[in-house]
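Below is query-v1.cif, which holds mmCIF, N, CA, C and O atoms.
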data_query
loop_
_atom_site.label_atom_id
_atom_site.label_comp_id
_atom_site.auth_asym_id
_atom_site.auth_seq_id
_atom_site.Cartn_x
_atom_site.Cartn_y
_atom_site.Cartn_z
N MET B 1 -80.80 -15.89 -137.05
CA MET B 1 -81.06 -16.65 -135.85
C MET B 1 -79.79 -17.35 -135.38
O MET B 1 -79.55 -17.46 -134.19
N LYS B 2 -78.97 -17.81 -136.30
CA LYS B 2 -77.74 -18.51 -135.93
C LYS B 2 -76.83 -17.60 -135.11
O LYS B 2 -76.24 -18.02 -134.14
N ARG B 3 -76.71 -16.31 -135.53
CA ARG B 3 -75.86 -15.37 -134.81
C ARG B 3 -76.36 -15.15 -133.39
O ARG B 3 -75.59 -15.11 -132.45
N LEU B 4 -77.67 -15.02 -133.23
CA LEU B 4 -78.26 -14.85 -131.91
C LEU B 4 -77.92 -16.03 -131.02
O LEU B 4 -77.49 -15.88 -129.88
N ALA B 5 -78.09 -17.23 -131.55
CA ALA B 5 -77.78 -18.43 -130.77
C ALA B 5 -76.31 -18.46 -130.39
O ALA B 5 -75.96 -18.79 -129.27
N SER B 6 -75.46 -18.09 -131.32
CA SER B 6 -74.02 -18.09 -131.05
C SER B 6 -73.68 -17.06 -129.97
O SER B 6 -72.92 -17.35 -129.05
N ASN B 7 -74.24 -15.86 -130.07
CA ASN B 7 -73.97 -14.82 -129.07
C ASN B 7 -74.53 -15.20 -127.71
O ASN B 7 -73.90 -14.95 -126.69
N THR B 8 -75.71 -15.78 -127.69
CA THR B 8 -76.32 -16.19 -126.43
C THR B 8 -75.48 -17.28 -125.78
O THR B 8 -75.22 -17.23 -124.58
N LEU B 9 -75.04 -18.24 -126.56
CA LEU B 9 -74.19 -19.30 -126.04
C LEU B 9 -72.89 -18.73 -125.48
O LEU B 9 -72.45 -19.09 -124.39
N ALA B 10 -72.29 -17.78 -126.21
CA ALA B 10 -71.05 -17.15 -125.74
C ALA B 10 -71.29 -16.40 -124.44
O ALA B 10 -70.48 -16.46 -123.51
N TYR B 11 -72.41 -15.68 -124.34
CA TYR B 11 -72.71 -14.92 -123.12
C TYR B 11 -72.84 -15.86 -121.92
O TYR B 11 -72.21 -15.66 -120.90
N TYR B 12 -73.67 -16.90 -122.06
CA TYR B 12 -73.91 -17.78 -120.92
C TYR B 12 -72.69 -18.65 -120.61
O TYR B 12 -72.45 -18.99 -119.45
N SER B 13 -71.90 -18.98 -121.61
CA SER B 13 -70.65 -19.70 -121.35
C SER B 13 -69.71 -18.83 -120.52
O SER B 13 -69.08 -19.31 -119.57
N ALA B 14 -69.63 -17.55 -120.88
CA ALA B 14 -68.79 -16.62 -120.12
C ALA B 14 -69.30 -16.50 -118.69
O ALA B 14 -68.52 -16.44 -117.74
N ARG B 15 -70.62 -16.46 -118.49
CA ARG B 15 -71.19 -16.35 -117.14
C ARG B 15 -70.83 -17.58 -116.30
O ARG B 15 -70.53 -17.46 -115.12
N VAL B 16 -70.86 -18.77 -116.90
CA VAL B 16 -70.50 -19.98 -116.16
C VAL B 16 -69.04 -19.91 -115.73
O VAL B 16 -68.70 -20.20 -114.58
N LEU B 17 -68.17 -19.48 -116.65
CA LEU B 17 -66.75 -19.35 -116.30
C LEU B 17 -66.55 -18.30 -115.21
O LEU B 17 -65.71 -18.48 -114.33
N GLN B 18 -67.33 -17.23 -115.24
CA GLN B 18 -67.25 -16.21 -114.19
C GLN B 18 -67.65 -16.78 -112.85
O GLN B 18 -66.98 -16.56 -111.85
N LYS B 19 -68.77 -17.47 -112.82
CA LYS B 19 -69.27 -18.04 -111.57
C LYS B 19 -68.26 -19.01 -110.96
O LYS B 19 -68.19 -19.15 -109.75
N CYS B 20 -67.49 -19.66 -111.81
CA CYS B 20 -66.45 -20.58 -111.34
C CYS B 20 -65.16 -19.84 -110.98
O CYS B 20 -64.20 -20.44 -110.52
N GLY B 21 -65.14 -18.54 -111.22
CA GLY B 21 -63.95 -17.75 -110.92
C GLY B 21 -62.83 -17.93 -111.93
O GLY B 21 -61.67 -17.65 -111.63
N LEU B 22 -63.15 -18.38 -113.13
CA LEU B 22 -62.13 -18.68 -114.13
C LEU B 22 -61.97 -17.60 -115.19
O LEU B 22 -61.00 -17.61 -115.94
N ALA B 23 -62.95 -16.67 -115.30
CA ALA B 23 -62.88 -15.65 -116.35
C ALA B 23 -63.68 -14.43 -115.95
O ALA B 23 -64.53 -14.48 -115.07
N SER B 24 -63.38 -13.33 -116.61
CA SER B 24 -64.16 -12.10 -116.45
C SER B 24 -64.80 -11.76 -117.78
O SER B 24 -64.20 -11.95 -118.83
N PHE B 25 -66.02 -11.25 -117.72
CA PHE B 25 -66.74 -10.84 -118.93
C PHE B 25 -66.05 -9.61 -119.49
O PHE B 25 -65.81 -8.64 -118.79
N GLN B 26 -65.70 -9.63 -120.77
CA GLN B 26 -65.05 -8.50 -121.42
C GLN B 26 -66.07 -7.77 -122.28
O GLN B 26 -66.74 -8.40 -123.09
N LEU B 27 -66.19 -6.47 -122.09
CA LEU B 27 -67.07 -5.65 -122.90
C LEU B 27 -66.22 -4.71 -123.72
O LEU B 27 -65.35 -4.03 -123.18
N ALA B 28 -66.43 -4.70 -125.02
CA ALA B 28 -65.68 -3.82 -125.91
C ALA B 28 -66.65 -2.83 -126.55
O ALA B 28 -67.70 -3.22 -127.05
N ILE B 29 -66.29 -1.56 -126.49
CA ILE B 29 -67.04 -0.51 -127.16
C ILE B 29 -66.11 0.07 -128.21
O ILE B 29 -65.07 0.62 -127.88
N GLY B 30 -66.44 -0.09 -129.47
CA GLY B 30 -65.54 0.37 -130.53
C GLY B 30 -64.28 -0.47 -130.57
O GLY B 30 -64.26 -1.62 -130.15
N ARG B 31 -63.19 0.12 -131.04
CA ARG B 31 -61.94 -0.63 -131.16
C ARG B 31 -61.02 -0.44 -129.96
O ARG B 31 -60.10 -1.20 -129.75
N ARG B 32 -61.25 0.60 -129.15
CA ARG B 32 -60.29 0.92 -128.11
C ARG B 32 -60.78 0.70 -126.69
O ARG B 32 -60.00 0.32 -125.83
N ALA B 33 -62.00 1.00 -126.39
CA ALA B 33 -62.49 0.98 -125.01
C ALA B 33 -62.92 -0.44 -124.62
O ALA B 33 -63.79 -1.02 -125.25
N ARG B 34 -62.31 -0.97 -123.58
CA ARG B 34 -62.62 -2.31 -123.10
C ARG B 34 -62.60 -2.33 -121.58
O ARG B 34 -61.89 -1.59 -120.94
N CYS B 35 -63.39 -3.22 -121.01
CA CYS B 35 -63.33 -3.41 -119.56
C CYS B 35 -63.76 -4.83 -119.22
O CYS B 35 -64.40 -5.50 -120.02
N ALA B 36 -63.38 -5.27 -118.05
CA ALA B 36 -63.82 -6.56 -117.53
C ALA B 36 -64.95 -6.30 -116.55
O ALA B 36 -64.83 -5.44 -115.68
N ILE B 37 -66.04 -7.00 -116.69
CA ILE B 37 -67.18 -6.83 -115.81
C ILE B 37 -67.41 -8.15 -115.09
O ILE B 37 -67.80 -9.14 -115.70
N THR B 38 -67.12 -8.16 -113.81
CA THR B 38 -67.14 -9.41 -113.05
C THR B 38 -68.54 -9.94 -112.78
O THR B 38 -68.74 -11.13 -112.65
N ASN B 39 -69.52 -9.07 -112.67
CA ASN B 39 -70.89 -9.50 -112.44
C ASN B 39 -71.82 -8.64 -113.28
O ASN B 39 -72.38 -7.66 -112.80
N PRO B 40 -71.98 -8.96 -114.55
CA PRO B 40 -72.71 -8.06 -115.46
C PRO B 40 -74.17 -7.90 -115.07
O PRO B 40 -74.85 -8.87 -114.78
N PRO B 41 -74.65 -6.64 -115.08
CA PRO B 41 -76.06 -6.39 -114.80
C PRO B 41 -76.93 -6.74 -116.01
O PRO B 41 -76.41 -7.01 -117.09
N GLY B 42 -78.22 -6.70 -115.83
CA GLY B 42 -79.16 -7.06 -116.88
C GLY B 42 -79.00 -6.28 -118.16
O GLY B 42 -79.23 -6.80 -119.24
N ILE B 43 -78.62 -4.99 -118.07
CA ILE B 43 -78.49 -4.16 -119.27
C ILE B 43 -77.52 -4.78 -120.27
O ILE B 43 -77.69 -4.65 -121.47
N LEU B 44 -76.51 -5.48 -119.78
CA LEU B 44 -75.53 -6.06 -120.70
C LEU B 44 -76.10 -7.21 -121.51
O LEU B 44 -75.58 -7.55 -122.55
N LYS B 45 -77.20 -7.77 -121.05
CA LYS B 45 -77.84 -8.81 -121.84
C LYS B 45 -78.35 -8.25 -123.16
O LYS B 45 -78.49 -8.97 -124.13
N SER B 46 -78.61 -6.94 -123.21
CA SER B 46 -79.05 -6.34 -124.47
C SER B 46 -77.94 -6.37 -125.51
O SER B 46 -78.20 -6.29 -126.70
N PHE B 47 -76.69 -6.52 -125.09
CA PHE B 47 -75.57 -6.57 -126.03
C PHE B 47 -75.42 -7.94 -126.68
O PHE B 47 -74.59 -8.12 -127.53
N VAL B 48 -76.23 -8.90 -126.25
CA VAL B 48 -76.16 -10.24 -126.84
C VAL B 48 -76.62 -10.20 -128.29
O VAL B 48 -76.11 -10.92 -129.13
N THR B 49 -77.57 -9.32 -128.61
CA THR B 49 -78.04 -9.21 -129.99
C THR B 49 -77.67 -7.84 -130.55
O THR B 49 -77.58 -6.86 -129.81
N SER B 50 -77.48 -7.78 -131.85
CA SER B 50 -77.15 -6.50 -132.47
C SER B 50 -78.34 -5.53 -132.37
O SER B 50 -78.15 -4.33 -132.19
N GLY B 51 -79.57 -6.03 -132.42
CA GLY B 51 -80.74 -5.18 -132.27
C GLY B 51 -80.83 -4.57 -130.88
O GLY B 51 -81.16 -3.40 -130.72
N GLY B 52 -80.54 -5.37 -129.87
CA GLY B 52 -80.55 -4.87 -128.49
C GLY B 52 -79.49 -3.82 -128.28
O GLY B 52 -79.74 -2.78 -127.65
N ARG B 53 -78.32 -4.05 -128.82
CA ARG B 53 -77.24 -3.06 -128.69
C ARG B 53 -77.61 -1.77 -129.43
O ARG B 53 -77.38 -0.68 -128.94
N ARG B 54 -78.19 -1.90 -130.60
CA ARG B 54 -78.60 -0.74 -131.38
C ARG B 54 -79.63 0.10 -130.63
O ARG B 54 -79.56 1.32 -130.60
N ARG B 55 -80.60 -0.56 -129.97
CA ARG B 55 -81.61 0.17 -129.19
C ARG B 55 -80.94 0.94 -128.05
O ARG B 55 -81.29 2.08 -127.77
N PHE B 56 -79.96 0.33 -127.40
CA PHE B 56 -79.24 1.01 -126.32
C PHE B 56 -78.47 2.21 -126.88
O PHE B 56 -78.49 3.29 -126.31
N GLU B 57 -77.81 2.03 -128.01
CA GLU B 57 -77.00 3.09 -128.59
C GLU B 57 -77.84 4.21 -129.20
O GLU B 57 -77.33 5.30 -129.44
N ASP B 58 -79.12 3.96 -129.43
CA ASP B 58 -80.02 5.01 -129.95
C ASP B 58 -80.59 5.89 -128.84
O ASP B 58 -81.31 6.84 -129.13
N ASP B 59 -80.27 5.60 -127.59
CA ASP B 59 -80.77 6.39 -126.46
C ASP B 59 -80.28 7.84 -126.55
O ASP B 59 -79.08 8.09 -126.79
N ALA B 60 -81.18 8.79 -126.37
CA ALA B 60 -80.84 10.22 -126.50
C ALA B 60 -79.77 10.65 -125.50
O ALA B 60 -78.90 11.46 -125.84
N SER B 61 -79.80 10.12 -124.28
CA SER B 61 -78.79 10.49 -123.28
C SER B 61 -77.40 10.05 -123.71
O SER B 61 -76.43 10.80 -123.58
N LEU B 62 -77.30 8.84 -124.21
CA LEU B 62 -76.00 8.34 -124.65
C LEU B 62 -75.50 9.13 -125.85
O LEU B 62 -74.31 9.47 -125.93
N LYS B 63 -76.38 9.44 -126.78
CA LYS B 63 -75.98 10.24 -127.94
C LYS B 63 -75.46 11.61 -127.51
O LYS B 63 -74.48 12.10 -128.05
N ALA B 64 -76.10 12.23 -126.51
CA ALA B 64 -75.66 13.54 -126.02
C ALA B 64 -74.28 13.44 -125.38
O ALA B 64 -73.41 14.28 -125.62
N VAL B 65 -74.06 12.40 -124.58
CA VAL B 65 -72.75 12.20 -123.95
C VAL B 65 -71.68 12.03 -125.03
O VAL B 65 -70.62 12.66 -124.97
N ARG B 66 -71.94 11.21 -126.00
CA ARG B 66 -70.95 10.96 -127.05
C ARG B 66 -70.61 12.24 -127.82
O ARG B 66 -69.46 12.48 -128.15
N ARG B 67 -71.61 13.07 -128.06
CA ARG B 67 -71.38 14.33 -128.77
C ARG B 67 -70.58 15.31 -127.91
O ARG B 67 -69.64 15.95 -128.38
N LEU B 68 -70.91 15.41 -126.63
CA LEU B 68 -70.26 16.38 -125.74
C LEU B 68 -68.81 16.04 -125.42
O LEU B 68 -67.98 16.94 -125.27
N VAL B 69 -68.48 14.77 -125.32
CA VAL B 69 -67.12 14.40 -124.91
C VAL B 69 -66.09 14.52 -126.02
O VAL B 69 -64.89 14.48 -125.74
N ARG B 70 -66.52 14.71 -127.23
CA ARG B 70 -65.55 14.80 -128.34
C ARG B 70 -64.55 15.92 -128.12
O ARG B 70 -63.39 15.80 -128.50
N SER B 71 -64.99 17.02 -127.50
CA SER B 71 -64.09 18.15 -127.28
C SER B 71 -63.75 18.34 -125.81
O SER B 71 -63.16 19.34 -125.43
N ALA B 72 -64.10 17.38 -124.96
CA ALA B 72 -63.85 17.49 -123.52
C ALA B 72 -62.46 17.00 -123.14
O ALA B 72 -61.84 16.21 -123.86
N ALA B 73 -61.96 17.48 -122.00
CA ALA B 73 -60.67 17.02 -121.48
C ALA B 73 -60.88 15.94 -120.42
O ALA B 73 -60.03 15.07 -120.23
N SER B 74 -62.01 16.00 -119.71
CA SER B 74 -62.28 15.00 -118.68
C SER B 74 -63.76 14.64 -118.67
O SER B 74 -64.61 15.38 -119.18
N PHE B 75 -64.07 13.49 -118.07
CA PHE B 75 -65.44 13.00 -118.00
C PHE B 75 -65.61 12.30 -116.66
O PHE B 75 -64.89 11.37 -116.34
N TRP B 76 -66.55 12.80 -115.85
CA TRP B 76 -66.85 12.20 -114.55
C TRP B 76 -68.18 11.48 -114.68
O TRP B 76 -69.21 12.10 -114.90
N ASP B 77 -68.15 10.18 -114.53
CA ASP B 77 -69.34 9.35 -114.62
C ASP B 77 -69.74 8.98 -113.19
O ASP B 77 -69.30 7.97 -112.64
N VAL B 78 -70.55 9.84 -112.56
CA VAL B 78 -70.96 9.63 -111.17
C VAL B 78 -72.28 8.87 -111.18
O VAL B 78 -73.24 9.30 -111.81
N GLY B 79 -72.30 7.74 -110.48
CA GLY B 79 -73.43 6.83 -110.58
C GLY B 79 -73.25 5.96 -111.81
O GLY B 79 -74.18 5.71 -112.57
N ALA B 80 -72.03 5.53 -112.01
CA ALA B 80 -71.63 4.88 -113.27
C ALA B 80 -72.22 3.49 -113.48
O ALA B 80 -72.18 2.99 -114.60
N ASN B 81 -72.74 2.87 -112.42
CA ASN B 81 -73.18 1.49 -112.52
C ASN B 81 -72.00 0.66 -113.01
O ASN B 81 -71.02 0.54 -112.30
N CYS B 82 -72.03 0.11 -114.21
CA CYS B 82 -70.90 -0.68 -114.70
C CYS B 82 -70.00 0.12 -115.64
O CYS B 82 -69.05 -0.43 -116.19
N GLY B 83 -70.28 1.41 -115.84
CA GLY B 83 -69.39 2.27 -116.61
C GLY B 83 -69.60 2.29 -118.11
O GLY B 83 -68.69 2.66 -118.85
N LEU B 84 -70.78 1.93 -118.59
CA LEU B 84 -71.01 1.91 -120.03
C LEU B 84 -70.83 3.29 -120.65
O LEU B 84 -70.20 3.42 -121.71
N PHE B 85 -71.37 4.34 -120.02
CA PHE B 85 -71.22 5.67 -120.58
C PHE B 85 -69.74 6.06 -120.62
O PHE B 85 -69.28 6.71 -121.56
N SER B 86 -68.97 5.65 -119.62
CA SER B 86 -67.53 5.93 -119.61
C SER B 86 -66.83 5.28 -120.79
O SER B 86 -65.96 5.88 -121.43
N LEU B 87 -67.21 4.04 -121.09
CA LEU B 87 -66.61 3.34 -122.22
C LEU B 87 -66.95 4.01 -123.55
O LEU B 87 -66.10 4.16 -124.42
N TYR B 88 -68.21 4.42 -123.69
CA TYR B 88 -68.59 5.13 -124.92
C TYR B 88 -67.87 6.46 -125.02
O TYR B 88 -67.47 6.88 -126.11
N ALA B 89 -67.70 7.15 -123.89
CA ALA B 89 -66.97 8.42 -123.90
C ALA B 89 -65.53 8.21 -124.35
O ALA B 89 -65.00 8.97 -125.17
N LEU B 90 -64.89 7.16 -123.85
CA LEU B 90 -63.51 6.85 -124.27
C LEU B 90 -63.43 6.47 -125.74
O LEU B 90 -62.44 6.77 -126.41
N ASP B 91 -64.46 5.83 -126.23
CA ASP B 91 -64.47 5.46 -127.64
C ASP B 91 -64.54 6.71 -128.52
O ASP B 91 -63.91 6.78 -129.57
N GLU B 92 -65.28 7.72 -128.07
CA GLU B 92 -65.38 8.97 -128.82
C GLU B 92 -64.12 9.81 -128.71
O GLU B 92 -63.75 10.51 -129.64
N ASN B 93 -63.46 9.76 -127.56
CA ASN B 93 -62.30 10.62 -127.30
C ASN B 93 -61.26 9.81 -126.53
O ASN B 93 -61.25 9.80 -125.30
N PRO B 94 -60.37 9.12 -127.23
CA PRO B 94 -59.40 8.23 -126.58
C PRO B 94 -58.46 8.93 -125.59
O PRO B 94 -57.93 8.30 -124.69
N GLY B 95 -58.26 10.24 -125.74
CA GLY B 95 -57.39 10.97 -124.83
C GLY B 95 -58.10 11.52 -123.61
O GLY B 95 -57.51 12.22 -122.79
N LEU B 96 -59.35 11.18 -123.44
CA LEU B 96 -60.19 11.69 -122.36
C LEU B 96 -59.74 11.14 -121.01
O LEU B 96 -59.43 9.96 -120.87
N PHE B 97 -59.70 12.00 -119.99
CA PHE B 97 -59.45 11.57 -118.61
C PHE B 97 -60.81 11.21 -118.02
O PHE B 97 -61.70 12.03 -117.94
N VAL B 98 -60.98 9.94 -117.63
CA VAL B 98 -62.28 9.45 -117.17
C VAL B 98 -62.20 9.00 -115.72
O VAL B 98 -61.29 8.29 -115.32
N VAL B 99 -63.19 9.44 -114.93
CA VAL B 99 -63.36 8.98 -113.56
C VAL B 99 -64.76 8.39 -113.48
O VAL B 99 -65.74 9.07 -113.74
N SER B 100 -64.85 7.10 -113.14
CA SER B 100 -66.15 6.42 -113.01
C SER B 100 -66.36 6.08 -111.55
O SER B 100 -65.52 5.40 -110.95
N ILE B 101 -67.47 6.54 -110.99
CA ILE B 101 -67.76 6.32 -109.57
C ILE B 101 -69.12 5.64 -109.44
O ILE B 101 -70.10 6.09 -110.01
N GLU B 102 -69.13 4.56 -108.68
CA GLU B 102 -70.37 3.87 -108.36
C GLU B 102 -70.40 3.60 -106.87
O GLU B 102 -69.50 2.95 -106.34
N ALA B 103 -71.39 4.11 -106.19
CA ALA B 103 -71.46 4.00 -104.73
C ALA B 103 -71.59 2.57 -104.24
O ALA B 103 -71.08 2.23 -103.19
N SER B 104 -72.24 1.72 -104.99
CA SER B 104 -72.42 0.35 -104.53
C SER B 104 -71.21 -0.49 -104.83
O SER B 104 -71.07 -1.58 -104.39
#
Written form, C-alpha coordinates:
Amino acid sequence: MKRLASNTLAYYSARVLQKCGLASFQLAIGRRARCAITNPPGILKSFVTSGGRRRFEDDASLKAVRRLVRSAASFWDVGANCGLFSLYALDENPGLFVVSIEAS
(Lines of atoms letter the chains of each structure in order from A and count residues from 1; the text may use other names and numbers.)
(Lines give C-alpha, C1' and ligand atoms only; values in the text may rest on other atoms or scores of the structure.)
Protein backbone atom coordinates (compact mmCIF):
# COMPACT_ATOMS: atom_id res chain seq x y z
CA MET A 1 0.00 0.00 0.00
CA LYS A 2 2.86 2.39 0.74
CA ARG A 3 4.20 2.02 -2.83
CA LEU A 4 0.76 2.75 -4.29
CA ALA A 5 0.45 5.89 -2.18
CA SER A 6 3.93 6.99 -3.20
CA ASN A 7 3.26 6.41 -6.91
CA THR A 8 -0.12 8.12 -6.72
CA LEU A 9 1.41 11.12 -4.98
CA ALA A 10 4.17 11.28 -7.61
CA TYR A 11 1.62 11.09 -10.44
CA TYR A 12 -0.62 13.86 -9.10
CA SER A 13 2.35 16.02 -8.11
CA ALA A 14 3.61 15.75 -11.69
CA ARG A 15 0.13 16.69 -12.98
CA VAL A 16 0.08 19.83 -10.80
CA LEU A 17 3.50 20.85 -12.12
CA GLN A 18 2.27 20.22 -15.68
CA LYS A 19 -0.83 22.33 -15.20
CA CYS A 20 1.41 25.14 -13.97
CA GLY A 21 3.59 24.73 -17.06
CA LEU A 22 6.63 23.79 -14.97
CA ALA A 23 7.16 20.13 -15.96
CA SER A 24 6.28 17.42 -18.43
CA PHE A 25 5.21 13.91 -17.45
CA GLN A 26 7.99 11.45 -18.32
CA LEU A 27 7.05 7.91 -19.29
CA ALA A 28 9.77 5.28 -19.40
CA ILE A 29 9.33 1.88 -21.02
CA GLY A 30 12.26 -0.38 -20.20
CA ARG A 31 15.68 1.22 -19.91
CA ARG A 32 15.83 3.05 -23.24
CA ALA A 33 12.46 4.29 -24.48
CA ARG A 34 11.27 7.54 -22.90
CA CYS A 35 8.95 10.36 -23.82
CA ALA A 36 7.40 13.47 -22.32
CA ILE A 37 3.61 13.48 -22.27
CA THR A 38 2.22 16.96 -21.75
CA ASN A 39 -1.39 15.94 -21.13
CA PRO A 40 -1.52 12.25 -20.17
CA PRO A 41 -4.69 10.37 -21.06
CA GLY A 42 -6.52 8.10 -18.63
CA ILE A 43 -4.66 4.97 -19.77
CA LEU A 44 -1.48 6.30 -18.17
CA LYS A 45 -3.16 6.25 -14.79
CA SER A 46 -2.88 2.46 -15.01
CA PHE A 47 0.91 2.91 -14.80
CA VAL A 48 0.55 4.32 -11.28
CA THR A 49 0.39 0.77 -9.90
CA SER A 50 2.48 -2.22 -10.89
CA GLY A 51 -0.71 -4.31 -11.20
CA GLY A 52 -2.27 -1.80 -13.59
CA ARG A 53 0.86 -1.71 -15.71
CA ARG A 54 1.03 -5.51 -15.74
CA ARG A 55 -2.59 -5.74 -16.96
CA PHE A 56 -1.77 -3.32 -19.79
CA GLU A 57 1.38 -5.25 -20.72
CA ASP A 58 -0.56 -8.54 -20.77
CA ASP A 59 -2.75 -7.27 -23.63
CA ALA A 60 -2.58 -9.63 -26.64
CA SER A 61 -2.23 -6.75 -29.14
CA LEU A 62 0.75 -5.29 -27.33
CA LYS A 63 2.39 -8.70 -27.02
CA ALA A 64 1.98 -9.23 -30.79
CA VAL A 65 3.53 -5.83 -31.56
CA ARG A 66 6.48 -6.51 -29.28
CA ARG A 67 7.08 -9.90 -30.90
CA LEU A 68 6.79 -8.60 -34.49
CA VAL A 69 9.07 -5.57 -34.12
CA ARG A 70 12.07 -7.56 -32.91
CA SER A 71 13.07 -8.26 -36.51
CA ALA A 72 11.51 -5.17 -38.14
CA ALA A 73 13.35 -2.20 -39.65
CA SER A 74 10.52 0.31 -39.22
CA PHE A 75 7.30 0.72 -37.25
CA TRP A 76 4.42 3.02 -38.20
CA ASP A 77 2.07 3.70 -35.29
CA VAL A 78 -0.93 5.26 -37.05
CA GLY A 79 -3.55 6.38 -34.56
CA ALA A 80 -0.83 6.41 -31.94
CA ASN A 81 -2.74 8.35 -29.29
CA CYS A 82 0.16 9.06 -26.89
CA GLY A 83 2.54 6.57 -28.54
CA LEU A 84 2.67 3.77 -25.97
CA PHE A 85 2.95 1.04 -28.61
CA SER A 86 5.78 3.03 -30.23
CA LEU A 87 7.66 3.15 -26.94
CA TYR A 88 7.24 -0.58 -26.38
CA ALA A 89 8.40 -1.21 -29.96
CA LEU A 90 11.55 0.85 -29.33
CA ASP A 91 12.17 -1.02 -26.12
CA GLU A 92 12.11 -4.31 -28.04
CA ASN A 93 14.24 -3.03 -30.93
CA PRO A 94 16.33 0.07 -30.12
CA GLY A 95 17.46 0.43 -33.75
CA LEU A 96 13.89 0.59 -35.03
CA PHE A 97 12.80 3.55 -37.20
CA VAL A 98 9.51 4.69 -35.64
CA VAL A 99 6.86 7.04 -37.01
CA SER A 100 3.99 7.85 -34.62
CA ILE A 101 0.98 9.64 -36.07
CA GLU A 102 -2.04 10.91 -34.17
CA ALA A 103 -4.67 12.91 -36.03
CA SER A 104 -5.82 14.87 -33.01
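Atom O of B:Val98 lies 4.8 Å from atom O of B:Phe75.
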Check: Separation of atom CA of B:Tyr88 and atom CA of B:Arg32, in Å?
Finding: 9.8 Å
Next item on the list: Carefully work through the PyMOL selection byres (((chain B and resi 56-67 and name CA) around 12) and name CA) for this structure and note down the residues it includes, as a PyMOL selection string.
Entry: chain B and resi 29-30+43-55+68-72+75-77+84-94+96
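We find atom C of B:Ala73 and atom N of B:Arg31 to be spaced 19.2 Å apart.
When the PyMOL selection byres ((chain B and resi 79) around 5) is run on the displayed coordinates, the residues it returns are Asp77, Val78, Ala80, Asn81, Ile101 and Glu102 of chain B.
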